[in-house]
$ cat entry.cif   # mmCIF, C-alpha atoms
data_upload
#
loop_
_atom_site.group_PDB
_atom_site.id
_atom_site.type_symbol
_atom_site.label_atom_id
_atom_site.label_comp_id
_atom_site.auth_asym_id
_atom_site.auth_seq_id
_atom_site.Cartn_x
_atom_site.Cartn_y
_atom_site.Cartn_z
ATOM 1 C CA MET A 789 0.000 0.000 0.000
ATOM 2 C CA THR A 790 1.299 3.443 -0.873
ATOM 3 C CA LEU A 791 0.309 6.933 0.109
ATOM 4 C CA GLN A 792 -1.343 7.339 -3.311
ATOM 5 C CA ILE A 793 -4.238 5.035 -2.430
ATOM 6 C CA LEU A 794 -5.115 6.898 0.746
ATOM 7 C CA LEU A 795 -4.802 10.290 -0.948
ATOM 8 C CA ALA A 796 -7.003 9.086 -3.825
ATOM 9 C CA VAL A 797 -9.641 7.811 -1.375
ATOM 10 C CA SER A 798 -9.510 11.147 0.409
ATOM 11 C CA ALA A 799 -9.839 13.065 -2.888
ATOM 12 C CA VAL A 800 -12.905 11.016 -3.903
ATOM 13 C CA LEU A 801 -14.476 11.585 -0.469
ATOM 14 C CA PHE A 802 -13.808 15.321 -0.776
ATOM 15 C CA ALA A 803 -15.395 15.383 -4.252
ATOM 16 C CA PHE A 804 -18.536 13.633 -2.936
ATOM 17 C CA GLY A 805 -18.752 16.182 -0.130
ATOM 18 C CA LEU A 806 -18.261 19.071 -2.536
ATOM 19 C CA VAL A 807 -20.964 17.785 -4.896
ATOM 20 C CA ALA A 808 -23.364 17.340 -1.955
ATOM 21 C CA ALA A 809 -22.643 20.830 -0.637
ATOM 22 C CA LEU A 810 -22.997 22.474 -4.072
ATOM 23 C CA THR A 811 -26.029 20.684 -5.482
ATOM 24 C CA ARG A 812 -28.413 19.834 -2.659
ATOM 25 C CA ARG A 813 -31.398 22.028 -1.918
ATOM 26 C CA ASN A 814 -31.765 21.245 1.778
ATOM 27 C CA ALA A 815 -29.472 23.152 4.135
ATOM 28 C CA ILE A 816 -28.877 20.048 6.272
ATOM 29 C CA MET A 817 -27.589 18.216 3.185
ATOM 30 C CA VAL A 818 -25.196 21.110 2.559
ATOM 31 C CA LEU A 819 -23.938 20.638 6.131
ATOM 32 C CA ILE A 820 -23.576 16.879 5.560
ATOM 33 C CA GLY A 821 -21.426 17.662 2.501
ATOM 34 C CA ILE A 822 -19.237 19.966 4.590
ATOM 35 C CA GLU A 823 -18.806 17.223 7.199
ATOM 36 C CA LEU A 824 -17.737 14.785 4.456
ATOM 37 C CA MET A 825 -15.116 17.286 3.263
ATOM 38 C CA MET A 826 -13.877 17.692 6.864
ATOM 39 C CA GLY A 827 -13.538 13.902 7.079
ATOM 40 C CA ALA A 828 -11.471 13.878 3.885
ATOM 41 C CA GLY A 829 -9.168 16.509 5.384
ATOM 42 C CA ASN A 830 -8.717 14.460 8.554
ATOM 43 C CA LEU A 831 -7.946 11.365 6.478
ATOM 44 C CA ASN A 832 -5.202 13.350 4.727
ATOM 45 C CA PHE A 833 -3.697 14.428 8.054
ATOM 46 C CA ILE A 834 -3.607 10.837 9.319
ATOM 47 C CA ALA A 835 -2.308 9.454 5.999
ATOM 48 C CA PHE A 836 0.565 11.942 5.824
ATOM 49 C CA TRP A 837 1.358 11.252 9.487
ATOM 50 C CA ARG A 838 1.419 7.481 8.846
ATOM 51 C CA PHE A 839 3.809 7.893 5.910
ATOM 52 C CA SER A 840 5.958 10.669 7.371
ATOM 53 C CA ALA A 841 9.638 10.340 8.189
ATOM 54 C CA HIS A 842 9.109 11.407 11.820
ATOM 55 C CA PRO A 843 5.810 9.948 12.989
ATOM 56 C CA GLU A 844 6.946 10.062 16.607
ATOM 57 C CA ALA A 845 6.324 13.836 16.636
ATOM 58 C CA LEU A 846 2.571 13.049 16.394
ATOM 59 C CA THR A 847 1.918 16.314 14.503
ATOM 60 C CA GLY A 848 -0.679 14.830 12.166
ATOM 61 C CA ILE A 849 -2.572 13.218 15.033
ATOM 62 C CA LEU A 850 -2.732 16.438 17.049
ATOM 63 C CA PHE A 851 -3.796 18.440 13.988
ATOM 64 C CA ALA A 852 -6.551 15.897 13.300
ATOM 65 C CA ILE A 853 -7.774 16.146 16.920
ATOM 66 C CA PHE A 854 -7.997 19.959 16.707
ATOM 67 C CA SER A 855 -9.692 19.688 13.314
ATOM 68 C CA ILE A 856 -12.335 17.328 14.761
ATOM 69 C CA ALA A 857 -12.971 19.787 17.614
ATOM 70 C CA VAL A 858 -13.434 22.671 15.161
ATOM 71 C CA ALA A 859 -15.738 20.506 13.027
ATOM 72 C CA ALA A 860 -17.897 19.767 16.079
ATOM 73 C CA ALA A 861 -18.208 23.487 16.865
ATOM 74 C CA GLU A 862 -19.042 24.207 13.215
ATOM 75 C CA ALA A 863 -21.753 21.520 13.145
ATOM 76 C CA ALA A 864 -23.383 22.851 16.331
ATOM 77 C CA VAL A 865 -23.521 26.460 15.087
ATOM 78 C CA GLY A 866 -24.562 25.408 11.564
ATOM 79 C CA LEU A 867 -27.481 23.328 12.803
ATOM 80 C CA ALA A 868 -28.567 26.104 15.185
ATOM 81 C CA ILE A 869 -28.599 28.537 12.247
ATOM 82 C CA ILE A 870 -30.617 26.061 10.148
ATOM 83 C CA ILE A 871 -33.187 25.682 12.947
ATOM 84 C CA LEU A 872 -33.383 29.472 13.370
ATOM 85 C CA VAL A 873 -33.850 30.015 9.604
ATOM 86 C CA HIS A 874 -36.474 27.280 9.530
ATOM 87 C CA ARG A 875 -38.372 29.012 12.344
ATOM 88 C CA ARG A 876 -38.309 32.383 10.523
ATOM 89 C CA ILE A 877 -39.074 31.378 6.922
ATOM 90 C CA LYS A 878 -40.686 27.957 7.533
ATOM 91 C CA SER A 879 -38.271 26.238 5.185
ATOM 92 C CA ALA A 880 -34.902 24.533 5.363
ATOM 93 C CA ASN A 881 -34.198 25.030 1.655
ATOM 94 C CA VAL A 882 -31.253 27.205 0.755
ATOM 95 C CA ASP A 883 -33.145 28.605 -2.263
ATOM 96 C CA ASP A 884 -35.809 30.074 0.024
ATOM 97 C CA ALA A 885 -33.326 31.863 2.290
ATOM 98 C CA ASN A 886 -32.667 34.683 -0.188
ATOM 99 C CA GLN A 887 -33.151 37.745 2.003
ATOM 100 C CA LEU A 888 -30.916 39.402 4.570
ATOM 101 C CA LYS A 889 -34.046 40.807 6.261
ATOM 102 C CA GLY A 890 -34.910 38.729 9.342
ATOM 103 C CA MET B 1153 9.473 -23.492 13.596
ATOM 104 C CA ASN B 1154 9.130 -20.589 15.965
ATOM 105 C CA GLU B 1155 10.735 -18.245 13.466
ATOM 106 C CA PHE B 1156 8.431 -19.529 10.737
ATOM 107 C CA LEU B 1157 5.406 -18.849 12.914
ATOM 108 C CA GLN B 1158 6.654 -15.352 13.630
ATOM 109 C CA ARG B 1159 7.203 -14.672 9.946
ATOM 110 C CA LEU B 1160 3.760 -16.007 9.079
ATOM 111 C CA ASN B 1161 2.278 -13.863 11.789
ATOM 112 C CA ALA B 1162 3.995 -10.714 10.504
ATOM 113 C CA LEU B 1163 3.041 -11.502 6.906
ATOM 114 C CA SER B 1164 -0.596 -12.110 7.668
ATOM 115 C CA TRP B 1165 -0.710 -8.986 9.850
ATOM 116 C CA ASP B 1166 0.692 -6.883 6.994
ATOM 117 C CA ALA B 1167 -1.796 -8.250 4.479
ATOM 118 C CA CYS B 1168 -4.539 -8.075 7.073
ATOM 119 C CA SER B 1169 -3.839 -4.459 8.027
ATOM 120 C CA GLN B 1170 -3.813 -3.467 4.368
ATOM 121 C CA TRP B 1171 -7.281 -4.920 3.927
ATOM 122 C CA LEU B 1172 -8.292 -3.379 7.238
ATOM 123 C CA VAL B 1173 -7.612 -0.032 5.564
ATOM 124 C CA LEU B 1174 -8.928 -0.793 2.067
ATOM 125 C CA ILE B 1175 -12.252 -2.451 2.939
ATOM 126 C CA PRO B 1176 -13.446 0.289 5.339
ATOM 127 C CA SER B 1177 -12.274 2.854 2.757
ATOM 128 C CA GLY B 1178 -14.544 1.263 0.162
ATOM 129 C CA VAL B 1179 -17.456 1.133 2.601
ATOM 130 C CA MET B 1180 -16.788 4.751 3.511
ATOM 131 C CA LEU B 1181 -16.824 5.914 -0.123
ATOM 132 C CA LEU B 1182 -20.018 3.972 -0.927
ATOM 133 C CA ALA B 1183 -21.756 5.354 2.162
ATOM 134 C CA ALA B 1184 -20.544 8.872 1.368
ATOM 135 C CA ALA B 1185 -21.852 8.611 -2.206
ATOM 136 C CA ALA B 1186 -25.191 7.394 -0.860
ATOM 137 C CA ALA B 1187 -25.249 10.223 1.696
ATOM 138 C CA ALA B 1188 -24.621 12.768 -1.047
ATOM 139 C CA ALA B 1189 -27.207 11.324 -3.442
ATOM 140 C CA LEU B 1190 -30.095 9.927 -1.394
ATOM 141 C CA ARG B 1191 -33.394 11.820 -1.505
ATOM 142 C CA ASN B 1192 -34.570 10.885 1.971
ATOM 143 C CA LEU B 1193 -32.806 13.044 4.562
ATOM 144 C CA ILE B 1194 -32.937 10.415 7.318
ATOM 145 C CA HIS B 1195 -31.382 7.824 4.996
ATOM 146 C CA ALA B 1196 -28.688 10.320 4.030
ATOM 147 C CA ALA B 1197 -27.924 11.009 7.708
ATOM 148 C CA LEU B 1198 -27.684 7.280 8.468
ATOM 149 C CA CYS B 1199 -25.348 6.758 5.476
ATOM 150 C CA LEU B 1200 -23.255 9.670 6.760
ATOM 151 C CA THR B 1201 -23.047 7.897 10.139
ATOM 152 C CA LEU B 1202 -21.940 4.673 8.456
ATOM 153 C CA SER B 1203 -19.341 6.632 6.505
ATOM 154 C CA PHE B 1204 -17.998 8.157 9.751
ATOM 155 C CA ILE B 1205 -17.826 4.732 11.426
ATOM 156 C CA ALA B 1206 -15.833 3.359 8.479
ATOM 157 C CA LEU B 1207 -13.548 6.417 8.595
ATOM 158 C CA GLY B 1208 -12.904 5.760 12.299
ATOM 159 C CA ILE B 1209 -11.982 2.160 11.483
ATOM 160 C CA VAL B 1210 -9.566 3.425 8.797
ATOM 161 C CA PHE B 1211 -7.912 5.710 11.370
ATOM 162 C CA ILE B 1212 -7.574 2.831 13.848
ATOM 163 C CA ALA B 1213 -6.141 0.538 11.152
ATOM 164 C CA LEU B 1214 -3.605 3.229 10.205
ATOM 165 C CA GLY B 1215 -2.299 3.256 13.775
ATOM 166 C CA ALA B 1216 -4.048 6.390 15.023
ATOM 167 C CA GLU B 1217 -6.227 4.654 17.613
ATOM 168 C CA PHE B 1218 -6.903 7.778 19.650
ATOM 169 C CA VAL B 1219 -8.069 9.810 16.643
ATOM 170 C CA GLY B 1220 -10.223 6.886 15.503
ATOM 171 C CA LEU B 1221 -11.961 6.675 18.872
ATOM 172 C CA VAL B 1222 -12.370 10.466 19.026
ATOM 173 C CA GLN B 1223 -13.842 10.310 15.512
ATOM 174 C CA LEU B 1224 -16.352 7.660 16.629
ATOM 175 C CA LEU B 1225 -17.274 9.555 19.814
ATOM 176 C CA VAL B 1226 -17.539 13.039 18.309
ATOM 177 C CA TYR B 1227 -18.933 12.340 14.839
ATOM 178 C CA VAL B 1228 -21.031 9.236 15.408
ATOM 179 C CA GLY B 1229 -22.007 10.136 18.963
ATOM 180 C CA ALA B 1230 -22.552 13.870 18.712
ATOM 181 C CA VAL B 1231 -22.595 15.275 15.167
ATOM 182 C CA ALA B 1232 -24.787 12.528 13.671
ATOM 183 C CA MET B 1233 -27.202 12.899 16.602
ATOM 184 C CA LEU B 1234 -27.352 16.680 16.060
ATOM 185 C CA ILE B 1235 -28.035 16.190 12.350
ATOM 186 C CA VAL B 1236 -30.830 13.688 13.009
ATOM 187 C CA PHE B 1237 -32.402 16.058 15.555
ATOM 188 C CA ALA B 1238 -32.167 18.973 13.120
ATOM 189 C CA ILE B 1239 -33.831 16.854 10.416
ATOM 190 C CA LEU B 1240 -36.641 15.927 12.795
ATOM 191 C CA LEU B 1241 -37.112 19.593 13.814
ATOM 192 C CA THR B 1242 -37.206 20.895 10.209
ATOM 193 C CA ARG B 1243 -38.918 17.973 8.522
ATOM 194 C CA PRO B 1244 -42.489 19.073 7.667
ATOM 195 C CA SER B 1245 -41.533 21.839 5.226
ATOM 196 C CA ASP B 1246 -39.324 19.476 3.296
ATOM 197 C CA LEU B 1247 -42.106 16.964 2.737
ATOM 198 C CA ALA B 1248 -44.508 19.703 1.630
ATOM 199 C CA GLY B 1249 -42.624 21.396 -1.185
ATOM 200 C CA ALA B 1250 -39.914 18.988 -2.237
ATOM 201 C CA LYS B 1251 -40.057 18.878 -6.003
ATOM 202 C CA SER B 1252 -36.400 18.234 -6.609
ATOM 203 C CA PRO B 1253 -33.718 17.614 -3.993
ATOM 204 C CA PHE B 1254 -31.317 19.730 -5.990
ATOM 205 C CA ALA B 1255 -30.891 23.491 -5.727
ATOM 206 C CA GLY B 1256 -31.024 26.175 -8.398
ATOM 207 C CA LEU B 1257 -30.338 25.007 -11.923
ATOM 208 C CA GLY B 1258 -30.074 21.356 -10.891
ATOM 209 C CA PRO B 1259 -27.109 19.154 -10.166
ATOM 210 C CA VAL B 1260 -25.136 19.709 -13.391
ATOM 211 C CA GLY B 1261 -22.922 22.617 -12.322
ATOM 212 C CA GLY B 1262 -22.065 21.111 -8.955
ATOM 213 C CA ILE B 1263 -21.288 17.692 -10.398
ATOM 214 C CA LEU B 1264 -19.092 19.256 -13.108
ATOM 215 C CA THR B 1265 -17.218 21.259 -10.455
ATOM 216 C CA GLY B 1266 -16.746 18.192 -8.269
ATOM 217 C CA ALA B 1267 -15.624 16.027 -11.186
ATOM 218 C CA GLY B 1268 -13.190 18.693 -12.381
ATOM 219 C CA LEU B 1269 -11.675 19.031 -8.927
ATOM 220 C CA LEU B 1270 -11.456 15.252 -8.579
ATOM 221 C CA VAL B 1271 -9.664 14.868 -11.931
ATOM 222 C CA ALA B 1272 -7.212 17.639 -11.029
ATOM 223 C CA LEU B 1273 -6.529 16.163 -7.580
ATOM 224 C CA LEU B 1274 -6.080 12.610 -8.890
ATOM 225 C CA ALA B 1275 -3.774 13.761 -11.696
ATOM 226 C CA PHE B 1276 -1.654 15.597 -9.138
ATOM 227 C CA ILE B 1277 -1.674 12.702 -6.660
ATOM 228 C CA PHE B 1278 -0.684 10.085 -9.229
ATOM 229 C CA SER B 1279 2.077 12.239 -10.734
ATOM 230 C CA SER B 1280 3.603 13.354 -7.433
ATOM 231 C CA PRO B 1281 6.794 11.567 -6.331
ATOM 232 C CA VAL B 1282 5.932 12.176 -2.663
ATOM 233 C CA ALA B 1283 2.795 10.072 -2.958
ATOM 234 C CA LYS B 1284 4.791 7.000 -4.020
ATOM 235 C CA THR B 1285 6.294 6.588 -0.540
ATOM 236 C CA ALA B 1286 6.173 2.976 0.572
ATOM 237 C CA LEU B 1287 4.536 2.111 3.873
ATOM 238 C CA PRO B 1288 7.012 2.667 6.713
ATOM 239 C CA PRO B 1289 6.901 0.406 9.774
ATOM 240 C CA ALA B 1290 3.922 1.065 11.968
ATOM 241 C CA PRO B 1291 4.530 4.061 14.252
ATOM 242 C CA VAL B 1292 3.348 4.041 17.825
ATOM 243 C CA ALA B 1293 1.042 6.777 19.052
ATOM 244 C CA PRO B 1294 0.571 6.166 22.765
ATOM 245 C CA VAL B 1295 -2.242 8.129 24.364
ATOM 246 C CA ALA B 1296 0.081 9.153 27.205
ATOM 247 C CA LYS B 1297 2.390 10.870 24.684
ATOM 248 C CA ILE B 1298 -0.576 12.646 23.069
ATOM 249 C CA GLY B 1299 -1.703 13.857 26.493
ATOM 250 C CA GLU B 1300 1.786 15.076 27.366
ATOM 251 C CA LEU B 1301 2.018 16.993 24.081
ATOM 252 C CA LEU B 1302 -1.472 18.486 24.539
ATOM 253 C CA MET B 1303 -0.543 19.641 28.045
ATOM 254 C CA GLY B 1304 2.958 20.700 26.966
ATOM 255 C CA SER B 1305 3.847 22.212 23.587
ATOM 256 C CA TYR B 1306 0.216 22.348 22.389
ATOM 257 C CA ILE B 1307 -1.289 23.933 25.522
ATOM 258 C CA VAL B 1308 -2.123 27.239 23.793
ATOM 259 C CA PRO B 1309 -4.013 25.662 20.855
ATOM 260 C CA LEU B 1310 -5.812 23.411 23.350
ATOM 261 C CA GLN B 1311 -7.009 26.412 25.380
ATOM 262 C CA VAL B 1312 -8.019 28.263 22.200
ATOM 263 C CA VAL B 1313 -10.045 25.251 21.056
ATOM 264 C CA GLY B 1314 -11.671 25.123 24.486
ATOM 265 C CA VAL B 1315 -12.688 28.787 24.202
ATOM 266 C CA LEU B 1316 -13.908 28.180 20.636
ATOM 267 C CA LEU B 1317 -16.072 25.220 21.696
ATOM 268 C CA THR B 1318 -17.533 27.142 24.647
ATOM 269 C CA ALA B 1319 -18.319 30.167 22.484
ATOM 270 C CA ALA B 1320 -19.776 27.984 19.712
ATOM 271 C CA LEU B 1321 -22.036 26.011 22.052
ATOM 272 C CA ILE B 1322 -23.278 29.141 23.884
ATOM 273 C CA GLY B 1323 -23.803 30.804 20.500
ATOM 274 C CA ALA B 1324 -25.726 27.794 19.192
ATOM 275 C CA ALA B 1325 -27.963 27.790 22.281
ATOM 276 C CA VAL B 1326 -28.609 31.547 21.965
ATOM 277 C CA LEU B 1327 -29.343 31.265 18.229
ATOM 278 C CA ALA B 1328 -31.784 28.392 18.620
ATOM 279 C CA MET B 1329 -33.551 29.946 21.633
ATOM 280 C CA GLU B 1330 -37.210 30.896 21.233
ATOM 281 C CA ASP B 1331 -37.880 34.606 20.804
ATOM 282 C CA LYS B 1332 -39.737 35.704 23.923
ATOM 283 C CA GLN B 1333 -41.092 38.999 22.583
ATOM 284 C CA PRO B 1334 -43.744 38.678 19.849
#

$ encode --input "entry.cif" --output "structure tokens"
Amino acid sequence: MTLQILLAVSAVLFAFGLVAALTRRNAIMVLIGIELMMGAGNLNFIAFWRFSAHPEALTGILFAIFSIAVAAAEAAVGLAIIILVHRRIKSANVDDANQLKG
Amino acid sequence: MNEFLQRLNALSWDACSQWLVLIPSGVMLLAAAAAAALRNLIHAALCLTLSFIALGIVFIALGAEFVGLVQLLVYVGAVAMLIVFAILLTRPSDLAGAKSPFAGLGPVGGILTGAGLLVALLAFIFSSPVAKTALPPAPVAPVAKIGELLMGSYIVPLQVVGVLLTAALIGAAVLAMEDKQP
């Protein structure tokens, strides 16, 4: 197994996430796409750590841990915003949220 | 005899750990594709959960046990739960006016963008000399060492992440709170 395989898997996962975030109508699906892209990023961190010359420094692992923490914060705020928007305009579709007025 | 057994053990572990990475990777990609494409939001959320579980198994098979367990706890335990709750709270409107699950002009632009990015990334990955590195011997990532680093050289980022999580969770609670005044 080489680094190529893991990077290719990560690239495909990122592309799926990007397509989900760009094409789906529902805001929750957009968030799911963003989470998939975050997962692809974490897979890259771990893959480069596994194949690095100095894995004992644990840099990739620590970066992945911080990235997971930031992703959790992002998911909490994103879902709160979706619920708030749904309460105001009675819809979770991104097409319907086309006004800055509250 | 003993040496033979040891060699067999090492060989089968190498082959085994390779499949331990490749099979969950395949499951993860299939589940991610299903999560991106499925019409039903609950099904998409469950496929996302499956994809996260497989990703955690990939992390564990790559030797990053702690990150794999954190991935399972945070994503499968917390983020997937949040997503399911948000789907349940926003569900009725989606059933009422869902003509197409795709936004705007339809899926063509997004799929073209994703495919273009994927082709560019794969071309770069398969032409890069760095990516041809062979698998080095399995590194050890003891949790005690991770804890020492988090409490030592990485103490400032750890505190900043703590502040970020606190602010994000308070902000989420404030945002989702009911408006008291009419």

$ residues_around --input "entry.cif" --residues "A:Glu823" --least-positions-apart "3" --cutoff "9 Å" --atoms "all atoms listed in the file" --output "PyMOL selection string"
(chain A and resi 805+818-820+826-828+859+863) or (chain B and resi 1200)

$ write_last_selection --input "entry.cif" --atoms "C-alpha atoms" --output "PDB file, keeping the file's coordinate frame"
ATOM      1  CA  GLY A 805     -18.752  16.182  -0.130  1.00  0.00           C
ATOM      2  CA  VAL A 818     -25.196  21.110   2.559  1.00  0.00           C
ATOM      3  CA  LEU A 819     -23.938  20.638   6.131  1.00  0.00           C
ATOM      4  CA  ILE A 820     -23.576  16.879   5.560  1.00  0.00           C
ATOM      5  CA  MET A 826     -13.877  17.692   6.864  1.00  0.00           C
ATOM      6  CA  GLY A 827     -13.538  13.902   7.079  1.00  0.00           C
ATOM      7  CA  ALA A 828     -11.471  13.878   3.885  1.00  0.00           C
ATOM      8  CA  ALA A 859     -15.738  20.506  13.027  1.00  0.00           C
ATOM      9  CA  ALA A 863     -21.753  21.520  13.145  1.00  0.00           C
TER      10      ALA A 863
ATOM     11  CA  LEU B1200     -23.255   9.670   6.760  1.00  0.00           C
TER      12      LEU B1200
END

$ closest_residue --input "entry.cif" --among "B:Val1226, B:Ile1307, B:Ala1232, B:Val1326" --to "A:Val858" --atoms "all atoms listed in the file"
B:Val1226

$ atom_distance --input "entry.cif" --atom1 "atom CA of B:Ala1185" --atom2 "atom CA of A:Gln792"
20.6 Å

$ resolve_selection --input "entry.cif" --expression "the PyMOL selection byres ((chain A and resi 849-857) around 9)" --output "ChimeraX atom specification"
/A:826-827,829-831,833-834,837,846-848,858-862 /B:1216,1218-1219,1222-1223,1226-1227,1293,1298,1301-1302,1306,1309-1310,1313-1314,1316-1317

$ write_last_selection --input "entry.cif" --atoms "C-alpha atoms" --output "PDB file, keeping the file's coordinate frame"
ATOM      1  CA  MET A 826     -13.877  17.692   6.864  1.00  0.00           C
ATOM      2  CA  GLY A 827     -13.538  13.902   7.079  1.00  0.00           C
ATOM      3  CA  GLY A 829      -9.168  16.509   5.384  1.00  0.00           C
ATOM      4  CA  ASN A 830      -8.717  14.460   8.554  1.00  0.00           C
ATOM      5  CA  LEU A 831      -7.946  11.365   6.478  1.00  0.00           C
ATOM      6  CA  PHE A 833      -3.697  14.428   8.054  1.00  0.00           C
ATOM      7  CA  ILE A 834      -3.607  10.837   9.319  1.00  0.00           C
ATOM      8  CA  TRP A 837       1.358  11.252   9.487  1.00  0.00           C
ATOM      9  CA  LEU A 846       2.571  13.049  16.394  1.00  0.00           C
ATOM     10  CA  THR A 847       1.918  16.314  14.503  1.00  0.00           C
ATOM     11  CA  GLY A 848      -0.679  14.830  12.166  1.00  0.00           C
ATOM     12  CA  VAL A 858     -13.434  22.671  15.161  1.00  0.00           C
ATOM     13  CA  ALA A 859     -15.738  20.506  13.027  1.00  0.00           C
ATOM     14  CA  ALA A 860     -17.897  19.767  16.079  1.00  0.00           C
ATOM     15  CA  ALA A 861     -18.208  23.487  16.865  1.00  0.00           C
ATOM     16  CA  GLU A 862     -19.042  24.207  13.215  1.00  0.00           C
TER      17      GLU A 862
ATOM     18  CA  ALA B1216      -4.048   6.390  15.023  1.00  0.00           C
ATOM     19  CA  PHE B1218      -6.903   7.778  19.650  1.00  0.00           C
ATOM     20  CA  VAL B1219      -8.069   9.810  16.643  1.00  0.00           C
ATOM     21  CA  VAL B1222     -12.370  10.466  19.026  1.00  0.00           C
ATOM     22  CA  GLN B1223     -13.842  10.310  15.512  1.00  0.00           C
ATOM     23  CA  VAL B1226     -17.539  13.039  18.309  1.00  0.00           C
ATOM     24  CA  TYR B1227     -18.933  12.340  14.839  1.00  0.00           C
ATOM     25  CA  ALA B1293       1.042   6.777  19.052  1.00  0.00           C
ATOM     26  CA  ILE B1298      -0.576  12.646  23.069  1.00  0.00           C
ATOM     27  CA  LEU B1301       2.018  16.993  24.081  1.00  0.00           C
ATOM     28  CA  LEU B1302      -1.472  18.486  24.539  1.00  0.00           C
ATOM     29  CA  TYR B1306       0.216  22.348  22.389  1.00  0.00           C
ATOM     30  CA  PRO B1309      -4.013  25.662  20.855  1.00  0.00           C
ATOM     31  CA  LEU B1310      -5.812  23.411  23.350  1.00  0.00           C
ATOM     32  CA  VAL B1313     -10.045  25.251  21.056  1.00  0.00           C
ATOM     33  CA  GLY B1314     -11.671  25.123  24.486  1.00  0.00           C
ATOM     34  CA  LEU B1316     -13.908  28.180  20.636  1.00  0.00           C
ATOM     35  CA  LEU B1317     -16.072  25.220  21.696  1.00  0.00           C
TER      36      LEU B1317
END

$ closest_residue --input "entry.cif" --among "A:Asn814, A:Thr790, A:Asn886, A:Asn832" --to "A:Phe802" --atoms "only C-alpha atoms"
A:Asn832

$ resolve_selection --input "entry.cif" --expression "the PyMOL selection byres ((chain B and resi 1207) around 8)" --output "ChimeraX atom specification"
/A:827,831 /B:1176-1177,1180,1203-1206,1208-1211,1220,1223

$ write_last_selection --input "entry.cif" --atoms "C-alpha atoms" --output "compact mmCIF listing (two decimals), keeping the file's coordinate frame"
# COMPACT_ATOMS: atom_id res chain seq x y z
CA GLY A 827 -13.54 13.90 7.08
CA LEU A 831 -7.95 11.36 6.48
CA PRO B 1176 -13.45 0.29 5.34
CA SER B 1177 -12.27 2.85 2.76
CA MET B 1180 -16.79 4.75 3.51
CA SER B 1203 -19.34 6.63 6.50
CA PHE B 1204 -18.00 8.16 9.75
CA ILE B 1205 -17.83 4.73 11.43
CA ALA B 1206 -15.83 3.36 8.48
CA GLY B 1208 -12.90 5.76 12.30
CA ILE B 1209 -11.98 2.16 11.48
CA VAL B 1210 -9.57 3.42 8.80
CA PHE B 1211 -7.91 5.71 11.37
CA GLY B 1220 -10.22 6.89 15.50
CA GLN B 1223 -13.84 10.31 15.51

$ atom_distance --input "entry.cif" --atom1 "atom CA of A:His842" --atom2 "atom CA of B:Leu1287"
13.1 Å
